[in-house]
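**Q** I have a structure I would like to understand better, so I am pasting it below and will then ask my questions one at a time.
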Amino acid sequence: MTQQLLSVEEAALRLGGVSRWTIYSWLSQKKLRKTKVGSRVMIDERDLEDFLSSCNPERKASAPATAAG
């Protein structure tokens, strides 16, 4: 599986259209992890999913288990 990196703007859209400044705020507070690619700030899709799970514990509990393989 390839690693999907999102720009700050793409991550903001995935979170329902929050502002990019909100994303930068969460990054500076270390609520959301960032990946630097050159001078660009990118967000790994898995880190975004982890962030969502930490914000909404019911989401993690109700997520169906997937079989590895």
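Residues in the structure tokens are numbered from 1 in each chain, the chains being A, B, ... in the order shown, and ligands are numbered from 1 in the order shown.
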Quick one: pick out all strand (DSSP E or B) residues within chain A from a backbone DSSP run and write them as an MDAnalysis selection string.
**A** chainID A and resid 5:7 35:37 40:44
**Q** For stretch 10-18 of chain A, find every residue with an atom within 10 Å (counting only C-alpha atoms), except residues of its own chain fewer than 4 positions away, and show them as a list of chain:residue names.
**A**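 Contacts, with the query itself left out: A:Leu5, A:Leu6, A:Thr22, A:Ile23, A:Tyr24, A:Met42, A:Ile43, A:Asp44, A:Glu45, A:Leu48, A:Leu52.
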**Q** At what distance in Å, to one decimal, does atom CA of A:Thr35 lie from atom CA of A:Cys55?
**A** 20.3 Å
**Q** Name the residues of chain A that come out as alpha helix (DSSP H) in a backbone DSSP run; write them as a PyMOL selection string.
**A** chain A and resi 8-14+20-28+45-55+57-62
**Q** Kindly give the distance, in Å, that separates atom CA of A:Ser7 and atom CA of A:Pro57, rounded to a single decimal.
**A**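 Result for atom CA of A:Ser7 versus atom CA of A:Pro57: 25.1 Å, one decimal.
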